[in-house]
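> My structure is stored as start24.txt, with compact mmCIF, C-alpha atoms.
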```
# COMPACT_ATOMS: atom_id res chain seq x y z
CA MET A 1146 -40.07 -39.38 55.56
CA MET A 1147 -43.83 -39.56 56.07
CA GLN A 1148 -43.43 -38.31 59.66
CA THR A 1149 -41.44 -35.30 58.41
CA ILE A 1150 -44.17 -34.47 55.88
CA ASN A 1151 -46.86 -34.68 58.59
CA LYS A 1152 -44.89 -32.30 60.84
CA PHE A 1153 -44.49 -29.92 57.91
CA LEU A 1154 -48.24 -29.98 57.15
CA THR A 1155 -49.05 -29.47 60.83
CA ALA A 1156 -46.77 -26.43 60.94
CA ILE A 1157 -48.45 -25.00 57.83
CA ILE A 1158 -51.90 -25.46 59.40
CA LEU A 1159 -50.82 -23.80 62.65
CA ILE A 1160 -49.30 -20.86 60.78
CA GLY A 1161 -52.52 -20.45 58.83
CA PHE A 1162 -54.57 -20.63 62.02
CA PHE A 1163 -52.52 -18.02 63.85
CA SER A 1164 -52.49 -15.82 60.79
CA SER A 1165 -56.28 -15.91 60.64
CA VAL A 1166 -56.48 -15.13 64.37
CA SER A 1167 -54.09 -12.24 63.92
CA ALA A 1168 -56.15 -10.92 61.01
CA GLN A 1169 -59.26 -11.00 63.17
CA GLU A 1170 -57.54 -8.85 65.77
CA LYS A 1171 -57.06 -5.89 63.44
CA ARG A 1172 -59.45 -3.08 64.24
CA THR A 1173 -60.03 0.35 62.74
CA ILE A 1174 -60.96 2.85 65.45
CA SER A 1175 -61.77 6.54 65.16
CA LEU A 1176 -60.69 8.99 67.85
CA GLU A 1177 -64.28 9.33 69.08
CA GLU A 1178 -64.62 5.55 69.41
CA ALA A 1179 -61.26 5.37 71.19
CA VAL A 1180 -62.33 7.99 73.75
CA LYS A 1181 -65.59 6.16 74.37
CA LEU A 1182 -63.81 2.83 74.88
CA GLY A 1183 -61.20 4.40 77.13
CA ILE A 1184 -63.82 5.97 79.37
CA GLN A 1185 -65.76 2.71 79.59
CA ASN A 1186 -62.67 0.76 80.68
CA SER A 1187 -60.93 3.38 82.81
CA LYS A 1188 -59.81 2.10 86.20
CA ASN A 1189 -59.66 5.67 87.52
CA LEU A 1190 -63.35 6.16 86.76
CA LYS A 1191 -64.16 2.96 88.64
CA ILE A 1192 -62.49 4.54 91.67
CA ASP A 1193 -64.54 7.70 91.07
CA GLN A 1194 -67.72 5.63 90.95
CA ALA A 1195 -66.86 4.09 94.32
CA GLN A 1196 -66.36 7.59 95.75
CA ILE A 1197 -69.77 8.66 94.38
CA GLU A 1198 -71.38 5.64 96.05
CA GLU A 1199 -69.61 6.52 99.29
CA SER A 1200 -70.92 10.11 99.14
CA THR A 1201 -74.41 8.79 98.39
CA ALA A 1202 -74.20 6.52 101.45
CA ASN A 1203 -73.22 9.54 103.56
CA LEU A 1204 -76.29 11.36 102.24
CA LEU A 1205 -78.47 8.40 103.22
CA ALA A 1206 -76.96 8.43 106.70
CA ALA A 1207 -77.73 12.16 107.02
CA LYS A 1208 -81.34 11.63 105.95
CA ASN A 1209 -81.76 8.75 108.40
CA LYS A 1210 -81.17 11.16 111.29
CA GLN A 1211 -84.57 12.82 110.68
CA LEU A 1212 -86.43 9.51 110.99
CA PRO A 1213 -87.83 8.12 114.27
CA GLU A 1214 -85.61 5.90 116.40
CA LEU A 1215 -87.35 2.76 117.62
CA THR A 1216 -85.66 0.32 119.98
CA VAL A 1217 -87.03 -2.90 121.43
CA SER A 1218 -85.37 -4.88 124.21
CA GLY A 1219 -86.26 -7.91 126.27
CA SER A 1220 -84.59 -10.02 128.94
CA TYR A 1221 -85.19 -13.28 130.65
CA LEU A 1222 -83.23 -13.78 133.88
CA TYR A 1223 -82.87 -17.08 135.72
CA LEU A 1224 -81.93 -16.76 139.41
CA PRO A 1225 -80.08 -19.91 140.58
CA LEU A 1226 -79.83 -18.61 144.15
CA GLU A 1227 -82.99 -17.65 145.98
CA PRO A 1228 -82.95 -13.85 146.45
CA ASN A 1229 -83.99 -12.18 149.69
CA VAL A 1230 -87.26 -10.30 149.09
CA ASN A 1231 -88.44 -8.00 151.89
CA LEU A 1232 -91.58 -6.06 150.95
CA LYS A 1233 -91.86 -2.66 152.68
CA ILE A 1234 -95.48 -2.16 151.66
CA PRO A 1235 -97.70 -1.73 154.74
CA GLY A 1236 -99.67 -4.86 155.38
CA LEU A 1237 -97.30 -6.95 153.27
CA ALA A 1238 -94.17 -6.63 155.37
CA GLY A 1239 -92.02 -9.65 155.82
CA GLY A 1240 -90.61 -12.22 153.48
CA GLY A 1241 -92.05 -12.46 150.01
CA PRO A 1242 -92.57 -15.42 147.74
CA LYS A 1243 -89.69 -17.33 146.26
CA VAL A 1244 -88.43 -15.77 142.99
CA SER A 1245 -86.52 -17.96 140.53
CA ASN A 1246 -86.85 -16.01 137.23
CA VAL A 1247 -87.67 -12.57 135.86
CA LEU A 1248 -89.10 -11.60 132.44
CA TYR A 1249 -88.73 -8.00 131.29
CA GLY A 1250 -89.41 -6.18 127.97
CA SER A 1251 -89.60 -2.60 126.72
CA ALA A 1252 -90.09 -0.58 123.52
CA ASN A 1253 -88.99 3.05 123.10
CA VAL A 1254 -89.50 5.53 120.30
CA SER A 1255 -87.88 8.94 119.81
CA VAL A 1256 -88.85 11.45 117.09
CA PRO A 1257 -86.56 14.49 116.64
CA ILE A 1258 -88.41 17.81 116.85
CA TYR A 1259 -85.61 20.36 117.01
CA SER A 1260 -81.84 19.96 116.79
CA GLY A 1261 -80.66 23.48 116.04
CA GLY A 1262 -80.67 22.76 112.31
CA ARG A 1263 -77.95 20.12 112.46
CA ILE A 1264 -80.03 17.50 110.64
CA LYS A 1265 -81.14 19.91 107.91
CA TYR A 1266 -77.63 21.26 107.39
CA GLY A 1267 -76.19 17.75 107.36
CA ILE A 1268 -78.57 16.58 104.62
CA LYS A 1269 -77.96 19.59 102.39
CA SER A 1270 -74.20 19.40 102.91
CA ALA A 1271 -74.20 15.70 101.96
CA GLU A 1272 -76.20 16.51 98.81
CA TYR A 1273 -73.58 19.10 97.79
CA LEU A 1274 -70.78 16.60 98.35
CA VAL A 1275 -72.54 14.00 96.18
CA GLU A 1276 -72.73 16.56 93.36
CA ALA A 1277 -69.06 17.47 93.90
CA SER A 1278 -68.00 13.81 93.60
CA LYS A 1279 -69.98 13.45 90.36
CA LEU A 1280 -68.37 16.57 88.92
CA ASN A 1281 -64.92 15.33 89.92
CA SER A 1282 -65.66 12.17 87.96
CA GLU A 1283 -66.67 14.24 84.92
CA ASN A 1284 -63.46 16.22 85.25
CA ASP A 1285 -61.49 12.97 85.24
CA LYS A 1286 -63.33 11.95 82.06
CA ASN A 1287 -62.00 15.10 80.39
CA ALA A 1288 -58.46 14.22 81.44
CA ILE A 1289 -58.89 10.65 80.18
CA ALA A 1290 -60.24 11.92 76.86
CA TYR A 1291 -57.13 14.04 76.36
CA ASN A 1292 -54.77 11.22 77.39
CA ILE A 1293 -56.41 8.95 74.82
CA SER A 1294 -56.23 11.74 72.21
CA GLN A 1295 -52.52 12.07 72.94
CA ALA A 1296 -51.96 8.32 72.57
CA TYR A 1297 -54.06 8.25 69.39
CA ASN A 1298 -52.03 11.16 68.02
CA ASN A 1299 -48.78 9.29 68.69
CA LEU A 1300 -50.14 6.22 66.93
CA PHE A 1301 -51.29 8.31 63.96
CA LYS A 1302 -47.90 10.04 63.62
CA ALA A 1303 -46.01 6.76 63.90
CA ASN A 1304 -48.23 5.21 61.24
CA GLU A 1305 -47.80 8.15 58.85
CA VAL A 1306 -44.03 8.20 59.32
CA VAL A 1307 -43.87 4.45 58.59
CA LYS A 1308 -45.81 4.96 55.35
CA LEU A 1309 -43.59 7.86 54.24
CA LEU A 1310 -40.39 5.97 55.00
CA LYS A 1311 -41.63 2.88 53.15
CA GLU A 1312 -42.30 5.00 50.07
CA ASN A 1313 -38.89 6.64 50.29
CA LEU A 1314 -37.17 3.31 50.92
CA ALA A 1315 -38.77 1.88 47.77
CA SER A 1316 -37.59 4.90 45.77
CA SER A 1317 -34.11 4.68 47.25
CA GLN A 1318 -33.84 0.96 46.48
CA LYS A 1319 -34.98 1.60 42.93
CA ARG A 1320 -32.29 4.28 42.62
CA ASP A 1321 -29.68 1.82 43.93
CA GLN A 1322 -30.60 -0.63 41.17
CA SER A 1323 -30.18 2.11 38.57
CA PHE A 1324 -26.85 3.14 40.04
CA ILE A 1325 -25.57 -0.46 39.93
CA LYS A 1326 -26.33 -0.57 36.20
CA LEU A 1327 -24.70 2.83 35.68
CA GLU A 1328 -21.61 1.67 37.58
CA ASN A 1329 -21.41 -1.50 35.54
CA ASN A 1330 -21.56 0.61 32.37
CA GLY A 1331 -18.84 2.90 33.70
CA VAL A 1332 -21.11 5.94 33.88
CA ILE A 1333 -20.69 6.61 37.63
CA ALA A 1334 -17.97 5.86 40.12
CA ARG A 1335 -18.27 3.04 42.64
CA ASN A 1336 -18.03 5.60 45.45
CA ASP A 1337 -21.21 7.32 44.25
CA ARG A 1338 -23.07 4.02 44.20
CA LEU A 1339 -21.88 3.26 47.76
CA LYS A 1340 -23.04 6.68 48.99
CA ALA A 1341 -26.51 6.01 47.57
CA GLN A 1342 -26.63 2.58 49.19
CA LEU A 1343 -25.52 4.09 52.50
CA GLN A 1344 -28.51 6.45 52.36
CA THR A 1345 -30.77 3.47 51.66
CA SER A 1346 -29.41 1.76 54.78
CA ASN A 1347 -30.05 4.90 56.81
CA ILE A 1348 -33.66 4.99 55.59
CA GLU A 1349 -34.00 1.31 56.56
CA LEU A 1350 -32.80 2.12 60.06
CA GLN A 1351 -35.22 5.04 60.30
CA LEU A 1352 -38.03 2.75 59.15
CA MET A 1353 -37.13 0.13 61.77
CA GLU A 1354 -37.22 2.79 64.47
CA ALA A 1355 -40.54 4.13 63.19
CA GLU A 1356 -42.06 0.64 63.14
CA ASN A 1357 -40.81 0.04 66.68
CA ASN A 1358 -42.39 3.34 67.81
CA TYR A 1359 -45.62 2.30 66.11
CA SER A 1360 -45.66 -1.05 67.93
CA ILE A 1361 -45.11 0.64 71.30
CA ALA A 1362 -47.82 3.24 70.57
CA ASN A 1363 -50.18 0.43 69.53
CA ILE A 1364 -49.61 -1.49 72.79
CA ASN A 1365 -50.20 1.71 74.76
CA MET A 1366 -53.51 2.27 72.97
CA ASP A 1367 -54.60 -1.33 73.59
CA LEU A 1368 -54.01 -0.92 77.32
CA LEU A 1369 -55.78 2.45 77.47
CA LEU A 1370 -58.83 1.11 75.62
CA GLY A 1371 -59.03 -2.17 77.53
CA LEU A 1372 -58.37 -4.24 74.38
CA PRO A 1373 -56.20 -7.38 74.16
CA ASP A 1374 -52.58 -6.24 73.91
CA ASN A 1375 -52.13 -8.02 70.57
CA THR A 1376 -54.90 -6.03 68.87
CA GLU A 1377 -53.56 -4.13 65.88
CA ILE A 1378 -55.28 -0.75 65.75
CA GLU A 1379 -55.69 1.00 62.42
CA VAL A 1380 -56.13 4.75 62.90
CA ASP A 1381 -58.72 6.77 61.04
CA SER A 1382 -57.12 8.53 58.07
CA ALA A 1383 -59.52 11.46 58.59
CA TYR A 1384 -58.12 12.13 62.06
CA ILE A 1385 -56.65 15.49 61.03
CA GLY A 1386 -59.44 18.00 60.48
CA GLU A 1387 -60.09 21.71 60.45
CA ASP A 1388 -60.02 23.43 63.84
CA ASP A 1389 -62.06 26.52 64.64
CA LEU A 1390 -59.60 29.14 65.86
CA THR A 1391 -61.47 32.22 64.67
CA LYS A 1392 -62.54 33.11 68.22
CA PRO A 1393 -60.28 35.01 70.66
CA ASP A 1394 -58.80 33.51 73.81
CA ASP A 1395 -61.33 35.35 76.00
CA TYR A 1396 -64.07 33.26 74.39
CA TYR A 1397 -62.40 30.06 75.57
CA LEU A 1398 -61.65 31.57 78.98
CA ASN A 1399 -65.32 32.47 79.57
CA LEU A 1400 -66.31 29.04 78.30
CA ALA A 1401 -63.90 27.42 80.76
CA ARG A 1402 -65.36 29.36 83.69
CA GLU A 1403 -68.80 28.06 82.71
CA SER A 1404 -67.82 24.50 81.79
CA ARG A 1405 -64.90 23.40 83.98
CA ASN A 1406 -66.17 20.65 86.25
CA ASP A 1407 -63.39 21.15 88.79
CA LEU A 1408 -64.60 24.74 89.31
CA LYS A 1409 -68.16 23.50 89.76
CA ALA A 1410 -67.07 20.74 92.14
CA LEU A 1411 -65.11 23.21 94.26
CA ASP A 1412 -68.16 25.49 94.41
CA PHE A 1413 -70.26 22.63 95.80
CA GLN A 1414 -67.53 21.82 98.32
CA ARG A 1415 -67.54 25.45 99.48
CA LYS A 1416 -71.33 25.36 99.90
CA ALA A 1417 -71.03 22.14 101.91
CA ALA A 1418 -68.35 23.77 104.09
CA VAL A 1419 -70.64 26.75 104.85
CA LEU A 1420 -73.37 24.37 105.98
CA GLY A 1421 -70.81 22.42 107.99
CA THR A 1422 -69.99 25.62 109.86
CA LYS A 1423 -73.67 26.25 110.59
CA SER A 1424 -74.07 22.67 111.78
CA ALA A 1425 -71.02 22.98 114.04
CA LYS A 1426 -72.38 26.23 115.50
CA ALA A 1427 -75.70 24.51 116.20
CA GLU A 1428 -73.94 22.05 118.53
CA ASN A 1429 -74.20 24.74 121.24
CA LEU A 1430 -78.02 24.60 121.02
CA PRO A 1431 -80.26 22.11 122.85
CA SER A 1432 -82.08 19.32 121.04
CA LEU A 1433 -85.76 18.45 121.54
CA ALA A 1434 -87.49 15.15 120.75
CA PHE A 1435 -90.86 13.46 121.22
CA THR A 1436 -90.50 10.26 123.24
CA GLY A 1437 -92.75 7.31 123.89
CA GLY A 1438 -92.40 3.84 125.33
CA TYR A 1439 -93.99 0.65 126.55
CA VAL A 1440 -92.81 -1.53 129.44
CA ALA A 1441 -93.89 -5.01 130.48
CA ALA A 1442 -92.51 -7.18 133.29
CA ASP A 1443 -93.36 -10.45 134.94
CA ILE A 1444 -91.90 -11.77 138.19
CA PRO A 1445 -93.79 -15.00 138.91
CA LYS A 1446 -95.68 -15.07 142.21
CA LEU A 1447 -94.57 -11.48 142.93
CA LEU A 1448 -95.25 -8.85 140.25
CA THR A 1449 -96.81 -8.44 136.79
CA ILE A 1450 -96.77 -5.16 134.82
CA THR A 1451 -98.64 -4.64 131.51
CA ASN A 1452 -99.88 -1.68 129.49
CA ALA A 1453 -97.24 0.61 131.01
CA VAL A 1454 -97.31 3.13 128.14
CA ASN A 1455 -95.52 6.46 128.45
CA VAL A 1456 -95.30 9.54 126.21
CA GLY A 1457 -93.47 12.80 126.67
CA VAL A 1458 -90.98 15.34 125.41
CA GLY A 1459 -87.25 15.05 126.03
CA ILE A 1460 -84.69 17.82 125.97
CA GLN A 1461 -80.93 17.38 125.84
CA TYR A 1462 -78.24 19.99 126.33
CA ASN A 1463 -74.55 19.47 126.91
CA LEU A 1464 -73.66 21.85 129.75
CA SER A 1465 -69.96 21.46 129.02
CA ASN A 1466 -70.51 23.66 125.94
CA ILE A 1467 -70.60 26.59 128.35
CA TRP A 1468 -66.88 26.37 129.12
CA LYS A 1469 -65.56 24.25 126.23
CA LYS A 1470 -64.42 25.84 122.96
CA ASN A 1471 -66.40 24.60 119.93
CA SER A 1472 -63.51 22.96 118.06
CA SER A 1473 -65.77 21.67 115.27
CA TYR A 1474 -66.82 25.25 114.50
CA VAL A 1475 -63.19 26.44 114.41
CA GLN A 1476 -62.21 23.56 112.12
CA SER A 1477 -65.12 24.20 109.78
CA LYS A 1478 -64.29 27.91 109.49
CA ALA A 1479 -60.69 26.98 108.65
CA ARG A 1480 -62.02 24.59 106.00
CA GLU A 1481 -64.05 27.44 104.48
CA GLN A 1482 -60.96 29.65 104.30
CA GLU A 1483 -58.92 26.84 102.75
CA LEU A 1484 -61.53 26.21 100.04
CA ALA A 1485 -61.83 29.95 99.33
CA ALA A 1486 -58.05 30.13 98.79
CA ASN A 1487 -58.18 27.02 96.60
CA ASN A 1488 -60.92 28.65 94.56
CA ASP A 1489 -58.81 31.76 93.93
CA LEU A 1490 -55.81 29.63 93.02
CA LEU A 1491 -57.83 27.40 90.70
CA ASN A 1492 -59.29 30.42 88.89
CA ASP A 1493 -55.79 31.79 88.36
CA ASN A 1494 -54.63 28.42 87.05
CA VAL A 1495 -57.61 28.20 84.69
CA THR A 1496 -56.76 31.62 83.25
CA LEU A 1497 -53.12 30.63 82.78
CA GLU A 1498 -53.91 27.22 81.29
CA VAL A 1499 -56.49 28.49 78.80
CA LYS A 1500 -54.35 31.37 77.56
CA ARG A 1501 -51.25 29.14 77.40
CA ASP A 1502 -53.00 26.37 75.48
CA TYR A 1503 -54.64 28.89 73.16
CA GLN A 1504 -51.21 30.31 72.27
CA ASN A 1505 -49.83 26.78 71.82
CA ASP A 1506 -52.73 25.99 69.50
CA LEU A 1507 -52.02 29.09 67.39
CA TYR A 1508 -48.31 28.29 67.35
CA ALA A 1509 -48.91 24.69 66.26
CA HIS A 1510 -51.08 25.80 63.35
CA LYS A 1511 -48.58 28.44 62.25
CA LYS A 1512 -45.88 25.77 62.18
CA ILE A 1513 -47.91 23.83 59.59
CA ASP A 1514 -47.65 26.74 57.15
CA VAL A 1515 -43.90 27.03 57.70
CA TYR A 1516 -43.32 23.29 57.25
CA GLN A 1517 -45.54 23.29 54.17
CA ARG A 1518 -43.42 26.02 52.58
CA ALA A 1519 -40.28 24.13 53.61
CA LEU A 1520 -41.63 21.01 51.87
CA GLU A 1521 -42.30 22.94 48.67
CA GLN A 1522 -38.78 24.37 48.84
CA ALA A 1523 -37.26 20.95 49.52
CA GLU A 1524 -39.12 19.35 46.62
CA GLU A 1525 -38.06 22.14 44.26
CA ASN A 1526 -34.48 21.94 45.52
CA TYR A 1527 -34.44 18.19 44.94
CA ARG A 1528 -35.85 18.62 41.41
CA ILE A 1529 -33.20 21.20 40.50
CA THR A 1530 -30.38 19.19 42.11
CA LEU A 1531 -31.49 16.03 40.29
CA ASN A 1532 -31.54 17.81 36.94
CA LYS A 1533 -28.05 19.23 37.60
CA TYR A 1534 -26.81 15.80 38.67
CA ASN A 1535 -28.16 14.21 35.51
CA ALA A 1536 -26.41 16.96 33.53
CA GLY A 1537 -23.16 16.28 35.38
CA LEU A 1538 -23.25 19.64 37.17
CA GLU A 1539 -23.91 18.40 40.72
CA THR A 1540 -22.37 15.81 43.01
CA ILE A 1541 -24.06 12.69 44.35
CA THR A 1542 -23.53 14.03 47.89
CA ASN A 1543 -25.61 17.13 47.21
CA LEU A 1544 -28.28 15.01 45.52
CA LEU A 1545 -28.54 12.69 48.52
CA ASP A 1546 -28.62 15.68 50.89
CA ALA A 1547 -31.48 17.15 48.88
CA ASP A 1548 -33.30 13.83 49.06
CA THR A 1549 -32.81 13.65 52.84
CA ALA A 1550 -34.11 17.21 53.21
CA LYS A 1551 -37.21 16.28 51.19
CA ILE A 1552 -37.86 13.22 53.39
CA THR A 1553 -37.46 15.31 56.56
CA ALA A 1554 -39.77 18.01 55.19
CA ASN A 1555 -42.48 15.43 54.42
CA VAL A 1556 -42.26 13.97 57.91
CA ASN A 1557 -42.38 17.46 59.46
CA VAL A 1558 -45.57 18.36 57.57
CA VAL A 1559 -47.39 15.19 58.67
CA THR A 1560 -46.28 15.39 62.29
CA SER A 1561 -47.00 19.14 62.55
CA LYS A 1562 -50.58 18.59 61.37
CA ALA A 1563 -51.06 15.85 63.96
CA ASP A 1564 -49.49 18.00 66.68
CA ALA A 1565 -51.81 20.89 65.76
CA ALA A 1566 -54.82 18.60 66.06
CA LEU A 1567 -53.60 17.48 69.50
CA ALA A 1568 -52.93 21.09 70.57
CA HIS A 1569 -56.55 21.93 69.82
CA LYS A 1570 -57.68 18.90 71.82
CA LYS A 1571 -55.60 20.17 74.72
CA LEU A 1572 -57.32 23.57 74.49
CA LEU A 1573 -60.72 21.85 74.53
CA GLN A 1574 -59.69 19.78 77.56
CA THR A 1575 -58.49 22.87 79.41
CA THR A 1576 -61.76 24.58 78.53
CA GLY A 1577 -63.70 21.59 79.84
CA ILE A 1578 -65.56 20.70 76.64
CA ILE A 1579 -63.41 17.97 75.08
CA ASN A 1580 -66.19 15.41 75.62
CA ASN A 1581 -68.98 17.67 74.35
```
Now that the file is in, can you turn its structure into structure tokens?


Amino acid sequence: MMQTINKFLTAIILIGFFSSVSAQEKRTISLEEAVKLGIQNSKNLKIDQAQIEESTANLLAAKNKQLPELTVSGSYLYLPLEPNVNLKIPGLAGGGPKVSNVLYGSANVSVPIYSGGRIKYGIKSAEYLVEASKLNSENDKNAIAYNISQAYNNLFKANEVVKLLKENLASSQKRDQSFIKLENNGVIARNDRLKAQLQTSNIELQLMEAENNYSIANINMDLLLGLPDNTEIEVDSAYIGEDDLTKPDDYYLNLARESRNDLKALDFQRKAAVLGTKSAKAENLPSLAFTGGYVAADIPKLLTITNAVNVGVGIQYNLSNIWKKNSSYVQSKAREQELAANNDLLNDNVTLEVKRDYQNDLYAHKKIDVYQRALEQAEENYRITLNKYNAGLETITNLLDADTAKITANVNVVTSKADAALAHKKLLQTTGIINN
């Protein structure tokens, strides 16, 4: 008996512990906080950061080409077999001394003077590509911000629908209790009471589905924000706000052309391609460099060289350029044409996207007014139907239909407001200012 009591107490303690842990994992998050968390924990942005670092490394490599090249080498050679040494110097003809080892060292420096502009073009092109990679990352941040807004919107709608259905379920259950009393007193038929209870069961099923949708939306938000997947997120009740739609679509289109990071990134890529073409063309030009060196050697009993310093100017030209086609130049020109076509296509897409999302934003806000009027009509219809039912002039079926229409109208108003807020977020993302 005592053992059973101890197990029971242990179970109570564990339930209390897990309940307290669960309570600690509830968290109220605004949309702005959610976007900030999502950007901080985005795996896509970590990939973007790696690409930025790669572009920066390419820039460093391009800058290194303008710095002097200094090489140092040294060798020690042991000769196990005695070499034959025959000096041809007059007066020293004949066999030389025995040589068993050789020590040799040299140092060489080369400083580029002229390379046809290849180094300069390479550095500037790499700088443009670094800026392009940064802008691509900013563009991905805009996309992430909208994705999080969409997930937050789904969570908000699911939460609001759950609250509405709970209120309606409570009202329906209260009505069922009244109908049971009326049936017992012989006021209404058993069939009418069963119809009312059937509607209550339908609302229960709708509530179960809504709660399931809320749980799935909550898990999705946890994953997007990098939170533990058992964190219960409470959405900000002030999520739905007023949107500024007093400006025409041309305003947003001009703003997009100024703010879209993908347009800016493509512009930098086109600039880099132009410099790439110039660099490729410069491959047909000779390169000039200042050279210098130092040589020292020691062959015991035969030869010692020190202070052999040399300076000069070196020129290099690939004669095969005379008859070979410059394939790098042809490829770079094709790259320029490709980027120019991409630029035209992207500008067309921006125009289409902004105008489309502007119309969708207007449409979503107009739907709110229609659903609001429908709610007023549904509430009035339910009031009139209820009064007629109480007066014995209306059937229970019509009363329950009126109640269902009122529930649907309430849900439509809440979800349409959330969808309008999301539609405006989509317009801001298309414009490129959702994170501003």

> Compute the distance from (-91.9, 15.9, 129.8) to each atom, counting only C-alpha atoms, keep the residues with any atom at most 12 Å away, and return them as a PyMOL selection string; use the coordinates of the file.

chain A and resi 1433-1437+1455-1461

> Dump C-alpha atoms for the selected residues as a CSV table (one decimal), in the coordinates of the input?


```csv
chain,number,residue,atom,x,y,z
A,1433,LEU,CA,-85.8,18.4,121.5
A,1434,ALA,CA,-87.5,15.2,120.8
A,1435,PHE,CA,-90.9,13.5,121.2
A,1436,THR,CA,-90.5,10.3,123.2
A,1437,GLY,CA,-92.8,7.3,123.9
A,1455,ASN,CA,-95.5,6.5,128.4
A,1456,VAL,CA,-95.3,9.5,126.2
A,1457,GLY,CA,-93.5,12.8,126.7
A,1458,VAL,CA,-91.0,15.3,125.4
A,1459,GLY,CA,-87.2,15.0,126.0
A,1460,ILE,CA,-84.7,17.8,126.0
A,1461,GLN,CA,-80.9,17.4,125.8
```

> Determine, counting all atoms listed in the file, which protein, DNA and RNA residues have an atom within 10 Å of an atom of range 1327-1338 of chain A; residues of the same chain fewer than 6 positions away are not included. Present the result as an NGL selection string.

:A and (1320-1321 or 1540-1542)

> List as CSV every residue of range 1277-1377 of chain A that is in contact with range 1184-1191 of chain A, defined as an atom at most 7 Å from one of its atoms (using all atoms listed in the file), together with the nearest atom pair and the distance in Å rounded to one decimal, sorted by chain and then rising number.


```
residue,atom,partner,partner_atom,distance
A:Ser1282,CA,A:Leu1190,CA,6.5
A:Lys1286,CA,A:Ile1184,CA,6.6
A:Ile1289,CA,A:Ile1184,CA,6.8
A:Leu1370,CA,A:Asn1186,CA,6.4
A:Gly1371,CA,A:Asn1186,CA,5.6
```

> With distances taken over only C-alpha atoms, which residue among A:Ile1385, A:Ile1361, A:Ala1202, A:Val1440 lies nearest Ala1568 in chain A?

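The closest residue to Ala1568 in chain A is A:Ile1385.
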
> When you look at range 1270-1276 of chain A with a cut-off of 12 Å (counting all atoms listed in the file), what residues show up, excluding the ones that are within fewer than 6 positions of it in the same chain? I need them as number ranges by chain.

A: 1193-1208, 1262-1264, 1282-1283, 1406-1407, 1409-1424

> What does the distance from CA of Asn1281 in chain A to CA of Lys1269 in chain A come to in Å, to one decimal?

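Atom-to-atom, CA of Asn1281 in chain A and CA of Lys1269 in chain A are spaced 18.5 Å apart.
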
> For range 1546-1548 of chain A, find every residue with an atom within 12 Å (counting all atoms listed in the file), except residues of its own chain fewer than 6 positions away, and show them as a list in words.

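Near range 1546-1548 of chain A, the qualifying residues are Asn1313, Leu1314, Ser1316, Ser1317, Arg1320, Lys1340, Ala1341, Gln1344, Thr1345, Ile1348, Leu1520, Gln1522, Ala1523, Glu1524, Glu1525, Asn1526, Tyr1527, Arg1528, Ile1529, Thr1530, Leu1531, Asn1532, Lys1533, Tyr1534, Glu1539, Thr1540, Ala1554 and Asn1555 of chain A.
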
> Excluding same-chain residues fewer than 4 positions from Gln1574 in chain A, what lies within 10 Å of it counting only C-alpha atoms, as a PyMOL selection string?

chain A and resi 1284+1286-1292+1401+1405+1499+1502+1568-1570+1578-1580

> As an exercise, work out the distance from CA of Tyr1223 in chain A to CA of Ala1252 in chain A in Å and give it to one decimal place.

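According to the coordinates, CA of Tyr1223 in chain A and CA of Ala1252 in chain A are separated by 21.8 Å.
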
> Which residue is closest to Tyr1249 in chain A? Choose from A:Leu1448, A:Ala1425, A:Ala1303, A:Leu1497 and count only C-alpha atoms.

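Using only C-alpha atoms, the shortest distance to Tyr1249 in chain A belongs to A:Leu1448.
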
> Do you know which residues are at most 12 Å from Asn1358 in chain A counting all atoms listed in the file, after dropping those on the same chain fewer than 2 positions away, and could you put them as a PyMOL selection string?

chain A and resi 1296+1299-1307+1351-1356+1360-1365

> Quick check, in Å to one decimal: how far apart do CA of Thr1391 in chain A and CA of Lys1571 in chain A lie?

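Distance between the two atoms: 16.8 Å.
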
> With distances taken over all atoms listed in the file, which of A:Asn1399, A:Asn1231, A:Asn1253, A:Thr1216 is nearest to Leu1447 in chain A?

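Smallest separation from Leu1447 in chain A among the options: A:Asn1231.
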
> Nearest to Asp1381 in chain A among A:Thr1575, A:Tyr1297, A:Ser1404, A:Val1217, with distances taken over all atoms listed in the file: which residue is it?

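So, comparing all the options, the nearest one is A:Tyr1297.
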
> Nearest to Asn1488 in chain A: which of A:Val1254, A:Leu1544, A:Ile1467, A:Leu1408 is it, counting only C-alpha atoms?

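When distances to Asn1488 in chain A are compared using only C-alpha atoms, the smallest one comes from A:Leu1408.
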